[in-house]
Amino acid sequence: MQEDGSIERVSTEDLSAIEAADIERAMGDTPWRRIEDLLRAQDPTSMRVVLWAFRRRSEPDLEFGAFDVPGWRRRLTARIERVEIDDVLNSLVAEAIATNEDAAIDAMLPHLRKLAHDQADVDAALDGLGKGHLIRKPKESAA
């Protein structure tokens with residue numbers, strides 16, 4: 001969120017390989033998989049470094065150490081996109097099939113919905129995996 005209240009959205013899916021490598025280096029040679037985990041955990045340094053990589057497109061000399069986001073707690077939020085939801089659910093479904101239960105998927109759904117950029121993506125991913133019975137149904141009124 002910008003100081004003026006407008007929203008700037010960036011996606012790690014839009015990073016080039018060079019930008020991803022620059023991010024890994026700026027994070028002390030942290031592997032990309034770990035950076036993704038840190039983003040899901042709302043780690044401020046990982047969110048800042050991704051935004052820095054995008055800002056360097058228009059400001060090539062911008063140094064990571066000098067790049068700051070004042071008020072980061074209210075301004076930065078990391079969300080997951082449909083491709084990441086699919087990855088998580090594919091792994092969980094494989095586990096659920098192996099154990100013949102949906103408990104692991106059911107336990108992960110509130111977390112996925114909270115992190116999802118679009119919560120409908122979670123239900124669409126479940127439906128795509130043949131797990132439509134786990135889709136959150138709207139509560140019916142008691143009337």
# chains A, B, ... in the order shown; residues from 1 in each chain; ligands from 1
$ select_by_dssp --residues "segment 7-135 of chain A" --states "alpha helix (DSSP H)" --output "count of residues only"
75
$ closest_residue --among "A:Ala120, A:Ile7, A:Arg82, A:Arg48" --to "Glu63 of chain A" --atoms "only C-alpha atoms"
A:Arg48
$ closest_atom_pairs --of "segment 56-114 of chain A" --to "segment 8-16 of chain A" --cutoff "10 Å" --atoms "only C-alpha atoms" --output "Markdown table"
| residue | atom | partner | partner_atom | distance |
| --- | --- | --- | --- | --- |
| A:Arg75 | CA | A:Glu8 | CA | 9.8 |
| A:Leu76 | CA | A:Glu8 | CA | 9.7 |
| A:Thr77 | CA | A:Arg9 | CA | 9.7 |
| A:Ala78 | CA | A:Ser11 | CA | 9.3 |
| A:Arg79 | CA | A:Ser11 | CA | 9.1 |
| A:Ile80 | CA | A:Ser11 | CA | 9.1 |
| A:Glu81 | CA | A:Ser11 | CA | 8.6 |
| A:Val83 | CA | A:Glu13 | CA | 9.3 |
$ closest_residue --among "A:Gly65, A:Gly128, A:Pro110, A:Gly71" --to "Met27 of chain A" --atoms "only C-alpha atoms"
A:Gly65
$ atom_distance --atom1 "atom CA of Leu89 of chain A" --atom2 "atom CA of Ala21 of chain A"
27.2 Å
$ closest_residue --among "A:Glu24, A:Asp4, A:Ala17, A:Ala41" --to "His111 of chain A" --atoms "only C-alpha atoms"
A:Ala41
$ atom_distance --atom1 "atom CA of Arg74 of chain A" --atom2 "atom CA of Asp86 of chain A"
28.0 Å
$ atom_distance --atom1 "atom CA of Asp121 of chain A" --atom2 "atom CA of Ile35 of chain A"
22.6 Å
$ residues_around --residues "Leu112 of chain A" --least-positions-apart "3" --cutoff "10 Å" --atoms "only C-alpha atoms" --output "PDB file with N, CA and C atoms, in the first residue's frame"
ATOM      1  N   ARG A  79       0.876 -12.494  -0.485  1.00  0.00           N
ATOM      2  CA  ARG A  79      -0.248 -13.385  -0.747  1.00  0.00           C
ATOM      3  C   ARG A  79       0.196 -14.456  -1.734  1.00  0.00           C
ATOM      4  N   ILE A  80      -0.486 -15.588  -1.727  1.00  0.00           N
ATOM      5  CA  ILE A  80      -0.163 -16.645  -2.676  1.00  0.00           C
ATOM      6  C   ILE A  80      -1.169 -16.604  -3.827  1.00  0.00           C
ATOM      7  N   GLU A  81      -0.713 -17.062  -4.984  1.00  0.00           N
ATOM      8  CA  GLU A  81      -1.538 -17.054  -6.187  1.00  0.00           C
ATOM      9  C   GLU A  81      -1.961 -18.471  -6.527  1.00  0.00           C
ATOM     10  N   GLU A  84       0.485 -21.420  -6.782  1.00  0.00           N
ATOM     11  CA  GLU A  84       1.019 -21.887  -5.499  1.00  0.00           C
ATOM     12  C   GLU A  84      -0.023 -22.695  -4.730  1.00  0.00           C
ATOM     13  N   ILE A  85      -1.285 -22.278  -4.819  1.00  0.00           N
ATOM     14  CA  ILE A  85      -2.368 -23.032  -4.183  1.00  0.00           C
ATOM     15  C   ILE A  85      -2.431 -24.426  -4.795  1.00  0.00           C
ATOM     16  N   VAL A  88       0.440 -26.613  -3.399  1.00  0.00           N
ATOM     17  CA  VAL A  88       0.201 -27.070  -2.026  1.00  0.00           C
ATOM     18  C   VAL A  88      -0.863 -28.162  -2.014  1.00  0.00           C
ATOM     19  N   LEU A  89      -1.959 -27.912  -2.717  1.00  0.00           N
ATOM     20  CA  LEU A  89      -3.043 -28.898  -2.704  1.00  0.00           C
ATOM     21  C   LEU A  89      -2.660 -30.196  -3.405  1.00  0.00           C
ATOM     22  N   ILE A 105      -5.712 -31.976   4.196  1.00  0.00           N
ATOM     23  CA  ILE A 105      -6.202 -30.927   3.298  1.00  0.00           C
ATOM     24  C   ILE A 105      -7.128 -30.005   4.075  1.00  0.00           C
ATOM     25  N   ALA A 107      -7.256 -29.351   7.187  1.00  0.00           N
ATOM     26  CA  ALA A 107      -6.519 -28.535   8.162  1.00  0.00           C
ATOM     27  C   ALA A 107      -5.786 -27.381   7.497  1.00  0.00           C
ATOM     28  N   MET A 108      -5.369 -27.550   6.236  1.00  0.00           N
ATOM     29  CA  MET A 108      -4.608 -26.518   5.535  1.00  0.00           C
ATOM     30  C   MET A 108      -5.502 -25.455   4.899  1.00  0.00           C
ATOM     31  N   LEU A 109      -6.756 -25.775   4.645  1.00  0.00           N
ATOM     32  CA  LEU A 109      -7.635 -24.864   3.909  1.00  0.00           C
ATOM     33  C   LEU A 109      -7.787 -23.477   4.535  1.00  0.00           C
ATOM     34  N   LEU A 115      -4.121 -16.749   2.984  1.00  0.00           N
ATOM     35  CA  LEU A 115      -2.995 -16.277   2.188  1.00  0.00           C
ATOM     36  C   LEU A 115      -3.351 -16.010   0.731  1.00  0.00           C
ATOM     37  N   ALA A 116      -4.447 -16.583   0.258  1.00  0.00           N
ATOM     38  CA  ALA A 116      -4.784 -16.486  -1.157  1.00  0.00           C
ATOM     39  C   ALA A 116      -5.095 -15.051  -1.567  1.00  0.00           C
ATOM     40  N   HIS A 117      -4.565 -14.663  -2.709  1.00  0.00           N
ATOM     41  CA  HIS A 117      -4.905 -13.359  -3.284  1.00  0.00           C
ATOM     42  C   HIS A 117      -6.390 -13.335  -3.614  1.00  0.00           C
ATOM     43  N   GLN A 119      -9.619 -15.805  -2.795  1.00  0.00           N
ATOM     44  CA  GLN A 119     -10.037 -17.007  -2.070  1.00  0.00           C
ATOM     45  C   GLN A 119     -10.790 -17.994  -2.947  1.00  0.00           C
ATOM     46  N   ASP A 121      -9.867 -18.986  -5.697  1.00  0.00           N
ATOM     47  CA  ASP A 121      -8.856 -19.858  -6.293  1.00  0.00           C
ATOM     48  C   ASP A 121      -8.697 -21.137  -5.486  1.00  0.00           C
ATOM     49  N   VAL A 122      -8.872 -21.056  -4.168  1.00  0.00           N
ATOM     50  CA  VAL A 122      -8.735 -22.250  -3.326  1.00  0.00           C
ATOM     51  C   VAL A 122      -9.836 -23.251  -3.684  1.00  0.00           C
TER      52      VAL A 122
END
$ residues_around --residues "Arg56 of chain A" --least-positions-apart "5" --cutoff "12 Å" --atoms "only C-alpha atoms" --output "PyMOL selection string"
chain A and resi 15+18-19+22-23+49-51+61-64+67
$ closest_residue --among "A:Ser91, A:Arg113, A:Ala124, A:Ala20" --to "Trp52 of chain A" --atoms "only C-alpha atoms"
A:Ala20
$ residues_around --residues "Asp106 of chain A" --least-positions-apart "4" --cutoff "10 Å" --atoms "only C-alpha atoms" --output "number ranges by chain"
A: 92, 101-102, 110-111, 134-135
$ write_last_selection --atoms "C-alpha atoms" --output "PDB file, in the first residue's frame"
ATOM      1  CA  LEU A  92      -1.700 -32.627   0.195  1.00  0.00           C
ATOM      2  CA  GLU A 101      -8.183 -39.324   4.426  1.00  0.00           C
ATOM      3  CA  ASP A 102      -8.769 -35.617   3.764  1.00  0.00           C
ATOM      4  CA  PRO A 110      -8.106 -21.983   6.404  1.00  0.00           C
ATOM      5  CA  HIS A 111      -4.418 -21.075   6.008  1.00  0.00           C
ATOM      6  CA  LEU A 134     -14.157 -29.863   0.692  1.00  0.00           C
ATOM      7  CA  ILE A 135     -15.276 -26.541  -0.843  1.00  0.00           C
TER       8      ILE A 135
END
